[in-house]
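Peer 1: Structure file protein.txt (compact mmCIF, C-alpha atoms) is given on the next line.
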```
# COMPACT_ATOMS: atom_id res chain seq x y z
CA MET A 1 -81.51 135.65 -6.13
CA ALA A 2 -81.03 137.50 -9.43
CA LYS A 3 -79.92 140.58 -7.54
CA ARG A 4 -77.38 138.63 -5.58
CA TRP A 5 -75.68 137.30 -8.71
CA LEU A 6 -75.98 140.26 -11.02
CA LYS A 7 -74.62 142.69 -8.44
CA THR A 8 -71.64 140.42 -7.81
CA THR A 9 -68.55 140.66 -9.96
CA LEU A 10 -66.47 137.74 -10.98
CA ILE A 11 -63.23 139.62 -10.38
CA ALA A 12 -62.04 136.89 -8.03
CA SER A 13 -62.66 134.23 -10.65
CA VAL A 14 -61.02 136.23 -13.43
CA ALA A 15 -58.14 137.15 -11.16
CA SER A 16 -57.53 133.48 -10.48
CA VAL A 17 -57.28 132.86 -14.20
CA LEU A 18 -54.83 135.73 -14.60
CA ALA A 19 -52.82 134.53 -11.63
CA LEU A 20 -52.54 131.05 -13.07
CA THR A 21 -51.41 132.55 -16.35
CA ALA A 22 -48.82 134.72 -14.68
CA ALA A 23 -47.49 131.69 -12.87
CA GLY A 24 -46.88 130.04 -16.23
CA CYS A 25 -49.42 127.25 -15.85
CA GLY A 26 -49.83 125.24 -19.01
CA SER A 27 -52.74 123.20 -20.22
CA SER A 28 -53.71 120.18 -18.24
CA GLY A 29 -53.67 117.76 -21.15
CA THR A 30 -56.65 115.98 -22.59
CA THR A 31 -57.72 113.81 -19.66
CA ASP A 32 -61.25 114.85 -18.71
CA LYS A 33 -61.18 115.02 -14.93
CA GLY A 34 -63.11 117.00 -12.40
CA ALA A 35 -61.71 118.97 -9.49
CA THR A 36 -61.47 115.84 -7.40
CA GLY A 37 -59.38 114.08 -10.04
CA SER A 38 -62.04 111.51 -10.92
CA THR A 39 -62.95 110.96 -14.53
CA SER A 40 -66.18 112.52 -15.76
CA GLY A 41 -68.23 109.51 -16.63
CA THR A 42 -66.14 107.62 -19.19
CA THR A 43 -65.15 104.53 -17.17
CA ALA A 44 -67.10 101.37 -17.94
CA PRO A 45 -68.84 99.55 -15.08
CA ALA A 46 -66.51 97.10 -13.33
CA ASN A 47 -69.02 94.24 -13.41
CA ASN A 48 -69.37 94.46 -17.22
CA ALA A 49 -73.11 93.97 -16.79
CA LYS A 50 -75.04 95.19 -19.78
CA LYS A 51 -77.18 98.17 -18.86
CA GLU A 52 -80.62 98.80 -20.25
CA PRO A 53 -80.38 101.72 -22.72
CA VAL A 54 -81.61 105.09 -21.48
CA THR A 55 -82.92 107.90 -23.67
CA LEU A 56 -82.79 111.50 -22.49
CA SER A 57 -84.18 114.57 -24.23
CA ILE A 58 -82.52 117.97 -24.17
CA MET A 59 -83.74 121.34 -25.43
CA TYR A 60 -81.28 124.15 -26.05
CA ASN A 61 -80.95 127.46 -27.89
CA TRP A 62 -77.58 126.76 -29.50
CA SER A 63 -78.92 127.44 -32.97
CA SER A 64 -76.63 130.32 -34.00
CA PRO A 65 -73.27 129.42 -35.59
CA ASN A 66 -71.30 130.70 -32.61
CA VAL A 67 -68.05 128.95 -31.76
CA ASP A 68 -69.19 127.93 -28.29
CA ASN A 69 -72.47 126.49 -29.56
CA GLY A 70 -70.50 124.07 -31.68
CA ILE A 71 -68.39 123.10 -28.67
CA TYR A 72 -71.48 122.27 -26.60
CA LYS A 73 -73.05 120.13 -29.31
CA ASP A 74 -69.77 118.30 -29.90
CA ARG A 75 -69.63 117.60 -26.17
CA ILE A 76 -73.03 115.86 -26.37
CA LYS A 77 -71.85 113.71 -29.27
CA LYS A 78 -68.69 112.76 -27.38
CA PHE A 79 -70.71 111.79 -24.32
CA MET A 80 -72.90 109.46 -26.35
CA ALA A 81 -69.84 107.92 -28.01
CA ASP A 82 -68.30 107.25 -24.59
CA ASN A 83 -71.61 106.09 -23.12
CA PRO A 84 -73.37 103.97 -25.77
CA ASP A 85 -76.05 102.94 -23.29
CA ILE A 86 -77.30 106.55 -23.10
CA LYS A 87 -78.95 108.26 -26.05
CA ILE A 88 -79.64 111.99 -26.04
CA GLU A 89 -82.33 113.36 -28.31
CA GLU A 90 -81.60 117.00 -29.10
CA GLU A 91 -84.04 119.81 -29.89
CA SER A 92 -82.59 123.13 -31.02
CA VAL A 93 -84.82 126.19 -30.61
CA PRO A 94 -83.82 129.64 -31.93
CA SER A 95 -82.86 132.04 -29.15
CA GLU A 96 -85.65 134.50 -29.90
CA GLN A 97 -88.24 131.72 -29.40
CA TYR A 98 -86.59 129.74 -26.64
CA ARG A 99 -87.80 131.58 -23.54
CA THR A 100 -91.41 131.54 -24.71
CA LYS A 101 -91.32 127.82 -25.47
CA LEU A 102 -89.64 127.03 -22.15
CA ARG A 103 -92.33 128.92 -20.21
CA THR A 104 -95.11 127.22 -22.19
CA LEU A 105 -93.72 123.73 -21.61
CA ALA A 106 -93.14 124.45 -17.91
CA ALA A 107 -96.72 125.68 -17.47
CA GLY A 108 -98.02 122.44 -18.98
CA LYS A 109 -95.57 120.24 -17.01
CA LYS A 110 -94.22 118.99 -20.35
CA LEU A 111 -90.57 119.97 -20.08
CA PRO A 112 -87.92 117.74 -21.66
CA ASP A 113 -85.58 115.79 -19.41
CA MET A 114 -82.89 118.49 -19.68
CA PHE A 115 -83.07 122.09 -20.86
CA ILE A 116 -81.13 125.35 -20.87
CA LEU A 117 -81.84 127.64 -17.93
CA PHE A 118 -81.41 131.39 -17.58
CA PRO A 119 -80.56 132.82 -14.15
CA GLY A 120 -82.71 135.43 -12.46
CA VAL A 121 -86.32 136.26 -13.27
CA ASP A 122 -86.54 133.55 -15.95
CA MET A 123 -85.61 130.77 -13.53
CA ASP A 124 -87.65 131.82 -10.50
CA PRO A 125 -91.05 130.68 -11.89
CA LEU A 126 -89.61 127.26 -12.73
CA VAL A 127 -88.42 126.84 -9.16
CA SER A 128 -91.69 128.03 -7.62
CA GLY A 129 -93.61 125.80 -10.04
CA GLY A 130 -91.73 122.73 -8.84
CA VAL A 131 -90.54 121.66 -12.30
CA LEU A 132 -86.79 121.90 -11.57
CA MET A 133 -84.68 119.28 -9.82
CA PRO A 134 -81.92 120.47 -7.45
CA ILE A 135 -78.45 119.09 -8.15
CA ASP A 136 -76.95 119.59 -4.69
CA ASP A 137 -76.09 115.89 -4.37
CA ILE A 138 -73.55 116.11 -7.23
CA MET A 139 -72.09 119.57 -6.54
CA ASP A 140 -68.91 118.08 -5.02
CA THR A 141 -67.95 117.27 -8.62
CA TRP A 142 -66.98 120.93 -9.12
CA LYS A 143 -65.66 121.69 -5.64
CA GLY A 144 -62.67 123.99 -5.94
CA MET A 145 -63.28 124.64 -9.64
CA LEU A 146 -66.41 126.80 -9.56
CA PRO A 147 -66.38 129.63 -6.99
CA GLU A 148 -69.55 130.50 -5.12
CA ASP A 149 -69.99 133.74 -7.04
CA ALA A 150 -70.04 131.81 -10.30
CA ILE A 151 -72.85 129.46 -9.31
CA ALA A 152 -74.94 131.91 -7.27
CA GLY A 153 -77.08 132.86 -10.27
CA PHE A 154 -78.48 129.32 -10.41
CA LYS A 155 -79.09 128.97 -6.69
CA VAL A 156 -82.50 129.68 -5.14
CA ASN A 157 -83.37 129.39 -1.46
CA GLY A 158 -80.12 127.58 -0.78
CA LYS A 159 -80.62 124.94 -3.47
CA GLN A 160 -78.46 124.64 -6.60
CA TYR A 161 -80.28 123.99 -9.86
CA ALA A 162 -77.53 124.34 -12.47
CA ILE A 163 -74.00 125.54 -13.11
CA PRO A 164 -72.78 127.80 -15.95
CA THR A 165 -70.58 127.19 -18.97
CA LYS A 166 -69.44 130.74 -19.54
CA GLN A 167 -69.55 134.30 -18.34
CA THR A 168 -70.99 136.52 -21.03
CA PHE A 169 -70.49 140.25 -21.27
CA VAL A 170 -73.39 141.33 -23.45
CA ASP A 171 -72.32 144.91 -24.20
CA ILE A 172 -68.88 144.77 -25.82
CA VAL A 173 -68.31 147.63 -28.25
CA TYR A 174 -66.46 146.38 -31.32
CA TYR A 175 -65.03 149.02 -33.64
CA ASN A 176 -63.22 149.04 -36.96
CA LYS A 177 -59.89 150.77 -36.30
CA GLU A 178 -59.32 151.63 -39.95
CA LEU A 179 -62.71 153.32 -40.34
CA LEU A 180 -62.26 155.32 -37.15
CA ALA A 181 -58.79 156.38 -38.29
CA LYS A 182 -60.30 157.79 -41.49
CA VAL A 183 -62.08 160.43 -39.40
CA GLY A 184 -59.19 161.09 -37.03
CA TYR A 185 -59.77 158.65 -34.14
CA THR A 186 -57.02 156.36 -32.86
CA GLU A 187 -59.13 154.99 -29.98
CA PHE A 188 -62.77 154.68 -29.04
CA PRO A 189 -64.34 157.78 -27.42
CA LYS A 190 -64.34 157.99 -23.63
CA THR A 191 -67.46 160.20 -23.38
CA TYR A 192 -70.90 160.05 -24.95
CA ALA A 193 -70.54 163.59 -26.28
CA ASP A 194 -67.40 162.54 -28.14
CA LEU A 195 -69.17 159.44 -29.45
CA LEU A 196 -71.84 161.65 -30.99
CA GLU A 197 -69.13 163.70 -32.68
CA LEU A 198 -67.57 160.52 -34.03
CA ILE A 199 -70.94 159.39 -35.40
CA LYS A 200 -71.42 162.73 -37.16
CA LYS A 201 -67.93 162.57 -38.69
CA LEU A 202 -68.48 159.02 -39.90
CA LYS A 203 -71.78 160.03 -41.50
CA ALA A 204 -70.11 162.98 -43.21
CA ALA A 205 -67.45 160.63 -44.58
CA GLY A 206 -70.08 158.31 -46.03
CA ILE A 207 -69.47 155.55 -43.44
CA THR A 208 -72.36 153.83 -41.60
CA PRO A 209 -71.57 154.53 -37.93
CA LEU A 210 -73.55 151.78 -36.13
CA ALA A 211 -74.23 148.22 -37.26
CA LEU A 212 -77.48 146.84 -35.81
CA GLY A 213 -79.31 143.59 -36.52
CA ASN A 214 -82.51 143.88 -34.50
CA LYS A 215 -84.81 141.57 -36.43
CA ASP A 216 -85.24 139.38 -33.36
CA ARG A 217 -85.78 142.49 -31.17
CA TRP A 218 -83.59 141.47 -28.23
CA PRO A 219 -80.21 142.97 -29.30
CA LEU A 220 -81.21 146.60 -28.67
CA GLN A 221 -82.82 145.64 -25.38
CA SER A 222 -80.15 143.30 -24.05
CA SER A 223 -76.82 144.42 -25.51
CA TRP A 224 -77.39 148.12 -26.12
CA MET A 225 -79.75 149.17 -23.32
CA SER A 226 -78.00 147.09 -20.66
CA ALA A 227 -74.98 149.31 -21.18
CA ILE A 228 -76.64 152.63 -21.99
CA ALA A 229 -79.20 152.55 -19.19
CA ASP A 230 -76.58 151.64 -16.59
CA ARG A 231 -74.49 154.70 -17.53
CA PHE A 232 -77.45 156.97 -16.79
CA THR A 233 -79.23 155.20 -13.91
CA GLY A 234 -76.56 153.22 -12.07
CA SER A 235 -76.63 149.49 -11.40
CA ASP A 236 -79.38 149.50 -8.73
CA PHE A 237 -82.08 151.10 -10.87
CA LEU A 238 -83.78 147.97 -12.23
CA TYR A 239 -83.96 146.42 -8.78
CA LYS A 240 -85.45 149.62 -7.41
CA VAL A 241 -88.09 149.60 -10.14
CA ASN A 242 -89.07 146.04 -9.22
CA LYS A 243 -89.39 147.10 -5.57
CA GLY A 244 -91.45 150.17 -6.46
CA GLU A 245 -88.69 152.58 -5.40
CA ALA A 246 -88.11 153.92 -8.93
CA LYS A 247 -90.01 154.16 -12.21
CA TYR A 248 -89.18 153.73 -15.87
CA THR A 249 -90.56 157.24 -16.33
CA ASP A 250 -87.81 158.68 -14.11
CA PRO A 251 -85.75 161.27 -16.03
CA GLU A 252 -82.52 159.28 -16.04
CA PHE A 253 -84.11 156.26 -17.71
CA VAL A 254 -85.96 158.40 -20.24
CA LYS A 255 -82.58 159.95 -21.11
CA ALA A 256 -81.17 156.46 -21.63
CA LEU A 257 -83.96 155.62 -24.09
CA GLY A 258 -83.25 158.99 -25.64
CA VAL A 259 -79.83 157.78 -26.73
CA ILE A 260 -81.45 155.33 -29.17
CA GLU A 261 -83.75 158.15 -30.27
CA GLU A 262 -80.74 160.40 -30.87
CA PHE A 263 -78.97 157.70 -32.87
CA ALA A 264 -82.12 157.29 -34.98
CA LYS A 265 -82.37 161.04 -35.65
CA LEU A 266 -78.76 161.01 -36.84
CA ASP A 267 -79.53 158.02 -39.10
CA ALA A 268 -76.59 156.32 -37.41
CA PHE A 269 -77.85 152.76 -37.93
CA ASN A 270 -77.85 150.75 -41.15
CA PRO A 271 -81.22 151.26 -42.87
CA ASP A 272 -82.15 147.56 -42.72
CA MET A 273 -81.49 147.29 -38.97
CA ASN A 274 -84.90 145.77 -38.17
CA THR A 275 -84.84 143.16 -40.95
CA MET A 276 -81.24 142.04 -40.41
CA ASP A 277 -80.63 139.27 -37.87
CA VAL A 278 -77.73 138.91 -35.47
CA VAL A 279 -75.65 136.67 -37.73
CA GLN A 280 -76.16 138.84 -40.80
CA VAL A 281 -75.11 141.97 -38.94
CA GLN A 282 -71.96 140.27 -37.70
CA ASP A 283 -70.95 139.57 -41.29
CA TYR A 284 -71.97 143.11 -42.28
CA PHE A 285 -69.64 144.55 -39.65
CA MET A 286 -66.77 142.19 -40.49
CA GLN A 287 -67.01 143.23 -44.13
CA GLY A 288 -66.23 146.82 -43.09
CA LYS A 289 -69.68 148.16 -43.96
CA ALA A 290 -70.09 149.87 -40.58
CA ALA A 291 -67.70 151.26 -37.99
CA ILE A 292 -69.20 150.13 -34.66
CA HIS A 293 -71.19 147.15 -33.40
CA ILE A 294 -72.31 146.28 -29.85
CA THR A 295 -72.73 142.60 -29.05
CA SER A 296 -71.77 139.71 -26.78
CA SER A 297 -68.21 138.83 -25.82
CA THR A 298 -68.91 135.36 -27.22
CA ILE A 299 -68.59 136.83 -30.72
CA ASP A 300 -64.95 137.66 -30.00
CA ALA A 301 -64.02 134.25 -31.40
CA LYS A 302 -65.55 135.16 -34.76
CA PHE A 303 -64.55 138.81 -34.86
CA ARG A 304 -60.93 138.51 -33.75
CA HIS A 305 -59.64 135.04 -32.83
CA GLU A 306 -60.58 133.40 -36.11
CA ASN A 307 -60.46 136.51 -38.30
CA PRO A 308 -57.25 137.11 -40.30
CA LYS A 309 -57.97 140.83 -39.89
CA GLY A 310 -58.71 140.54 -36.18
CA ASP A 311 -56.10 143.16 -35.27
CA ASN A 312 -58.20 145.75 -37.09
CA ILE A 313 -61.09 145.26 -34.66
CA GLY A 314 -60.81 146.96 -31.28
CA ILE A 315 -62.94 146.47 -28.18
CA ALA A 316 -64.28 149.01 -25.70
CA LEU A 317 -67.21 149.67 -23.35
CA PHE A 318 -69.97 152.23 -23.82
CA PRO A 319 -68.55 155.59 -22.73
CA ALA A 320 -69.42 157.77 -19.75
CA VAL A 321 -72.38 160.14 -19.94
CA GLU A 322 -72.39 163.59 -18.40
CA GLY A 323 -74.14 163.54 -15.03
CA GLY A 324 -74.70 159.78 -15.23
CA LYS A 325 -74.93 157.66 -12.08
CA GLY A 326 -73.28 154.57 -13.59
CA ASP A 327 -69.66 153.47 -13.67
CA PRO A 328 -68.31 153.47 -17.27
CA LYS A 329 -65.75 150.81 -16.32
CA LYS A 330 -68.51 148.24 -15.69
CA SER A 331 -69.70 145.71 -18.25
CA ALA A 332 -73.16 144.11 -18.27
CA SER A 333 -72.59 140.47 -17.44
CA ALA A 334 -74.39 137.25 -16.67
CA VAL A 335 -73.56 133.57 -16.47
CA GLN A 336 -75.07 131.43 -19.21
CA TYR A 337 -76.07 127.97 -20.27
CA GLY A 338 -76.89 126.16 -17.10
CA ILE A 339 -78.63 122.86 -17.89
CA GLY A 340 -81.63 122.19 -15.70
CA LEU A 341 -83.12 118.79 -14.95
CA ASN A 342 -86.80 117.96 -15.02
CA SER A 343 -88.03 117.35 -11.47
CA GLN A 344 -89.88 114.22 -12.65
CA LEU A 345 -86.67 112.36 -13.49
CA GLU A 346 -86.08 109.25 -11.40
CA GLY A 347 -84.25 105.96 -11.43
CA ALA A 348 -82.00 105.21 -14.40
CA LYS A 349 -82.98 108.42 -16.20
CA LYS A 350 -82.02 110.59 -13.23
CA GLU A 351 -78.73 108.72 -12.87
CA ALA A 352 -77.99 109.16 -16.59
CA ALA A 353 -78.83 112.88 -16.51
CA GLN A 354 -76.56 113.49 -13.54
CA LYS A 355 -73.80 111.52 -15.26
CA PHE A 356 -74.20 113.75 -18.30
CA LEU A 357 -73.92 116.95 -16.23
CA LYS A 358 -70.73 115.73 -14.58
CA TYR A 359 -69.31 114.83 -17.97
CA PHE A 360 -70.44 117.98 -19.79
CA TYR A 361 -69.21 120.57 -17.25
CA SER A 362 -65.63 119.37 -17.17
CA LYS A 363 -62.25 121.04 -16.96
CA GLU A 364 -61.83 120.11 -20.60
CA LEU A 365 -64.95 122.09 -21.56
CA TYR A 366 -63.83 125.24 -19.74
CA GLN A 367 -60.32 125.08 -21.17
CA THR A 368 -61.65 124.54 -24.69
CA LEU A 369 -63.84 127.62 -24.30
CA LEU A 370 -60.88 129.65 -23.04
CA SER A 371 -58.79 128.54 -25.99
CA LYS A 372 -61.49 130.02 -28.26
CA GLY A 373 -61.44 133.33 -26.42
CA ILE A 374 -64.56 132.79 -24.31
CA VAL A 375 -64.38 133.92 -20.69
CA VAL A 376 -65.42 131.21 -18.22
CA PRO A 377 -66.37 131.42 -14.53
CA ALA A 378 -64.24 128.40 -13.59
CA ARG A 379 -60.86 128.25 -11.88
CA VAL A 380 -58.89 126.35 -14.49
CA GLU A 381 -55.45 126.81 -15.96
CA MET A 382 -55.20 129.16 -18.92
CA PRO A 383 -54.60 126.99 -22.01
CA ALA A 384 -51.17 127.26 -23.57
CA ASP A 385 -52.77 128.39 -26.84
CA ALA A 386 -54.76 131.26 -25.29
CA ASN A 387 -53.98 134.38 -27.30
CA LYS A 388 -53.75 138.11 -26.75
CA TYR A 389 -57.41 138.73 -27.54
CA LEU A 390 -58.61 136.70 -24.57
CA ARG A 391 -56.23 138.53 -22.26
CA GLU A 392 -57.44 141.85 -23.66
CA MET A 393 -61.08 140.87 -23.06
CA ILE A 394 -60.34 139.87 -19.48
CA GLU A 395 -58.54 143.15 -18.86
CA LEU A 396 -61.46 145.14 -20.29
CA THR A 397 -64.14 143.35 -18.26
CA ASN A 398 -62.51 142.73 -14.88
CA LYS A 399 -63.39 146.08 -13.32
CA GLY A 400 -66.90 145.26 -12.19
CA THR A 401 -70.20 144.10 -13.65
CA SER A 402 -73.65 145.60 -14.07
CA PRO A 403 -77.04 143.94 -14.67
CA VAL A 404 -78.20 142.56 -17.97
CA PHE A 405 -81.57 144.20 -18.63
CA ASP A 406 -83.59 141.09 -19.46
CA ALA A 407 -82.21 139.19 -16.48
CA VAL A 408 -83.78 141.66 -14.06
CA ALA A 409 -86.70 143.38 -15.79
CA LEU A 410 -90.07 141.63 -15.59
CA ILE A 411 -90.96 139.62 -18.68
CA PRO A 412 -93.94 141.81 -19.75
CA VAL A 413 -91.68 144.88 -19.51
CA LYS A 414 -89.06 143.20 -21.66
CA ASP A 415 -91.64 142.62 -24.38
CA VAL A 416 -92.75 146.26 -24.24
CA ILE A 417 -89.26 147.74 -24.44
CA GLU A 418 -88.31 145.49 -27.36
CA ASN A 419 -91.30 146.67 -29.38
CA GLY A 420 -90.77 150.23 -28.19
CA LEU A 421 -87.12 150.37 -29.18
CA GLN A 422 -87.98 149.19 -32.68
CA ALA A 423 -90.58 151.95 -32.87
CA ILE A 424 -87.98 154.50 -31.74
CA THR A 425 -85.52 153.39 -34.44
CA THR A 426 -88.21 153.90 -37.08
CA LYS A 427 -89.14 157.28 -35.53
CA GLN A 428 -92.68 156.17 -34.75
CA LYS A 429 -92.41 156.66 -30.98
CA THR A 430 -90.47 158.87 -28.60
CA ALA A 431 -88.42 157.88 -25.58
CA GLU A 432 -91.07 159.39 -23.30
CA GLN A 433 -93.84 157.32 -24.89
CA VAL A 434 -91.92 154.06 -24.55
CA ALA A 435 -91.01 154.84 -20.94
CA LYS A 436 -94.69 155.35 -20.09
CA GLU A 437 -95.64 152.07 -21.77
CA MET A 438 -92.92 150.26 -19.84
CA GLN A 439 -94.07 151.68 -16.52
CA ALA A 440 -97.68 150.76 -17.29
CA ALA A 441 -96.58 147.18 -18.03
CA GLN A 442 -94.55 147.13 -14.81
CA GLU A 443 -97.51 148.25 -12.68
CA LYS A 444 -99.88 145.81 -14.38
CA ALA A 445 -97.44 142.91 -13.89
CA LYS A 446 -96.88 143.71 -10.21
```
Kindly return the structure encoded in the file as structure tokens.

Peer 2:
Amino acid sequence: MAKRWLKTTLIASVASVLALTAAGCGSSGTTDKGATGSTSGTTAPANNAKKEPVTLSIMYNWSSPNVDNGIYKDRIKKFMADNPDIKIEEESVPSEQYRTKLRTLAAGKKLPDMFILFPGVDMDPLVSGGVLMPIDDIMDTWKGMLPEDAIAGFKVNGKQYAIPTKQTFVDIVYYNKELLAKVGYTEFPKTYADLLELIKKLKAAGITPLALGNKDRWPLQSSWMSAIADRFTGSDFLYKVNKGEAKYTDPEFVKALGVIEEFAKLDAFNPDMNTMDVVQVQDYFMQGKAAIHITSSTIDAKFRHENPKGDNIGIALFPAVEGGKGDPKKSASAVQYGIGLNSQLEGAKKEAAQKFLKYFYSKELYQTLLSKGIVVPARVEMPADANKYLREMIELTNKGTSPVFDAVALIPVKDVIENGLQAITTKQKTAEQVAKEMQAAQEKAK
């Protein structure tokens, strides 16, 4: 099912948002209603009977100080305030540790009542292991608001297990317009060859070309390689590898790894790239200490919407490569933050968990995210306060999507490439060596 979602664009969903904007639709007010017009769980029972309190546990990876993470946690607090008979105990796990902990808990049948799911290869073992509860019986709540393409990533064998909060483009190129102008560039390069020239000119001018915070290892793999590899291999490559029709040692993928090797040889990254985390590097870039940073579209709120100097930060996609099979207009995208339910829930706890899902994934949530510049997969009116940066992001990313590397690659391969990319940046391994290690991990896992 990962292939089905990740090969599907959300152009229809984004187009509906643009169409609603063009039609002059305003915000829908503050009433929290679903697509059917019913309220999302705030009405008290008519019989005024006192319910026995229910406690639910939830595990999430909303640990970074991203704007949307705060919105999600506030939503939980609001739910408990509106539903005093339901208590939610929260456990926050850092993103770099979350997948491992989720797999460990699932293997031991010790999952919390609710937990964040990832679509694709991460979710499939949970379904086959019988630890996930389908939510088909409450899907009418979002009828007409969430198109089929938006929810397909959380559907397996015809059963729906979660719905998403946002659509994340993991490979947005952010660049400092002032720093590029210092070396004669008024826009981001359209070809890889020109990007290399830009990097050399920035280095000659004493400017760090590329800001990278790879302490947690996943940024190079997920944000950088999702874009770079697609330019060389095309969007079907990872699926072909999993089917045995292609190999990581194929020349086009080795060339993609070679881009990181070339950046390292040019000393294009900040020297502390492997000891700086994702939050630190965001601040590093915003302080004008480097010219270019590749990261998630979610960071747009921090970089531009809430930044007084937001106009100085431009956005682009990784440029075309000579002879590459990929489309440079595509952005690597996936839906995120579906909340799964433990299959062991029953009775009052199951009822409370379903009530929470209906409350959490509301029109209000999606419009709040839009107002903060975060692209959502839902058909809701564009908020009146949506600004130019959101419209610019939608325009950049509505020309097709490509796979996110760690949503398709097998988990053992993901671990190998993350270690391998760090070794490439420190000039301890070559692209060819890492490609061989990845292929060996692929064959062992299969």

Peer 1: What does the distance from CA of Gly108 (chain A) to CA of Ile88 (chain A) come to in Å, to one decimal?

Peer 2: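 Separation between CA of Gly108 (chain A) and CA of Ile88 (chain A): 22.3 Å.
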
Peer 1: Compile a residue-level contact table for region 109-220 of chain A against region 251-270 of chain A at a cut-off of 12 Å, reporting for every qualifying residue the shortest atom pair and its distance in Å to one decimal, with only C-alpha atoms counted, rows ordered by chain and ascending number, as a Markdown table.

Peer 2:
```
| residue | atom | partner | partner_atom | distance |
| --- | --- | --- | --- | --- |
| A:Tyr192 | CA | A:Val259 | CA | 9.4 |
| A:Ala193 | CA | A:Val259 | CA | 11.0 |
| A:Leu195 | CA | A:Phe263 | CA | 10.5 |
| A:Leu196 | CA | A:Phe263 | CA | 8.4 |
| A:Glu197 | CA | A:Leu266 | CA | 10.8 |
| A:Leu198 | CA | A:Ala268 | CA | 10.5 |
| A:Ile199 | CA | A:Ala268 | CA | 6.7 |
| A:Lys200 | CA | A:Leu266 | CA | 7.5 |
| A:Lys201 | CA | A:Ala268 | CA | 10.8 |
| A:Leu202 | CA | A:Ala268 | CA | 8.9 |
| A:Lys203 | CA | A:Ala268 | CA | 7.3 |
| A:Ala204 | CA | A:Leu266 | CA | 10.9 |
| A:Gly206 | CA | A:Ala268 | CA | 11.0 |
| A:Ile207 | CA | A:Ala268 | CA | 9.4 |
| A:Thr208 | CA | A:Asn270 | CA | 6.3 |
| A:Pro209 | CA | A:Ala268 | CA | 5.4 |
| A:Leu210 | CA | A:Phe269 | CA | 4.8 |
| A:Ala211 | CA | A:Phe269 | CA | 5.8 |
| A:Leu212 | CA | A:Phe269 | CA | 6.3 |
| A:Gly213 | CA | A:Asn270 | CA | 8.7 |
| A:Asn214 | CA | A:Phe269 | CA | 10.6 |
| A:Leu220 | CA | A:Ile260 | CA | 8.7 |
```

Peer 1: Okay, now the selection with C-alpha atoms, as a CSV table (one decimal), in the frame of the given file?

Peer 2:
```csv
chain,number,residue,atom,x,y,z
A,192,TYR,CA,-70.9,160.0,-25.0
A,193,ALA,CA,-70.5,163.6,-26.3
A,195,LEU,CA,-69.2,159.4,-29.4
A,196,LEU,CA,-71.8,161.6,-31.0
A,197,GLU,CA,-69.1,163.7,-32.7
A,198,LEU,CA,-67.6,160.5,-34.0
A,199,ILE,CA,-70.9,159.4,-35.4
A,200,LYS,CA,-71.4,162.7,-37.2
A,201,LYS,CA,-67.9,162.6,-38.7
A,202,LEU,CA,-68.5,159.0,-39.9
A,203,LYS,CA,-71.8,160.0,-41.5
A,204,ALA,CA,-70.1,163.0,-43.2
A,206,GLY,CA,-70.1,158.3,-46.0
A,207,ILE,CA,-69.5,155.6,-43.4
A,208,THR,CA,-72.4,153.8,-41.6
A,209,PRO,CA,-71.6,154.5,-37.9
A,210,LEU,CA,-73.6,151.8,-36.1
A,211,ALA,CA,-74.2,148.2,-37.3
A,212,LEU,CA,-77.5,146.8,-35.8
A,213,GLY,CA,-79.3,143.6,-36.5
A,214,ASN,CA,-82.5,143.9,-34.5
A,220,LEU,CA,-81.2,146.6,-28.7
```

Peer 1: Quote the spacing between CA of Lys302 (chain A) and CA of Asn66 (chain A) in Å to one decimal place.

Peer 2: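 A separation of 7.6 Å between them.
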
Peer 1: For region 351-356 of chain A, find every residue with an atom within 9 Å (counting only C-alpha atoms), except residues of its own chain fewer than 3 positions away, and show them as an MDAnalysis selection string.

Peer 2: chainID A and resid 40:41 54:56 76 79 86 113:114 135 138 341 345:348 359:361

Peer 1: Could you check which of A:Leu357, A:Ala301, A:Ala431, A:Ala106 is closest to Ile339 (chain A), using all atoms listed in the file?

Peer 2: A:Leu357

Peer 1: Pick from A:Leu117, A:Met273, A:Ala378, A:Ile411: nearest to Thr426 (chain A), with only C-alpha atoms counted?

Peer 2: A:Met273

Peer 1: Could you pull the residues within 10 Å of Val241 (chain A), counting only C-alpha atoms, minus those fewer than 3 positions along the same chain, as a ChimeraX atom specification?

Peer 2: /A:236-238,244-248,250,408-410,439,442-443

Peer 1: Which residues are close to region 176-178 of chain A, i.e. within 10 Å by only C-alpha atoms, leaving aside same-chain residues fewer than 2 positions away? Reply as a VMD selection string.

Peer 2: chain A and resid 174 180 to 188 285 to 293 310 to 315

Peer 1: Produce the centre coordinates and the three edge lengths, each in Å to one decimal, of the box along x, y and z that contains all listed atoms of region 67-72 of chain A with 3 Å added on each side, as JSON.

Peer 2:
```
{"center_x": -70.3, "center_y": 125.6, "center_z": -29.2, "size_x": 10.4, "size_y": 12.7, "size_z": 11.2}
```

Peer 1: Return the single residue from A:Asp136, A:Asp149, A:Asp300, A:Asp277 that is closest to Glu96 (chain A), with distances computed using only C-alpha atoms.

Peer 2: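 Closest candidate: A:Asp277.
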
Peer 1: Counting only C-alpha atoms, which of A:Asn387, A:Ser92, A:Trp224, A:Arg99 gets nearest to Glu306 (chain A)?

Peer 2: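 Of all the options, A:Asn387 lies closest to Glu306 (chain A).
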
Peer 1: Measuring atom to atom with all atoms listed in the file, identify which of A:Asp137, A:Glu148, A:Asp406, A:Asp171 is nearest to Tyr239 (chain A).

Peer 2: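 Of A:Asp137, A:Glu148, A:Asp406, A:Asp171, the one nearest Tyr239 (chain A) is A:Asp406, counting all atoms listed in the file.
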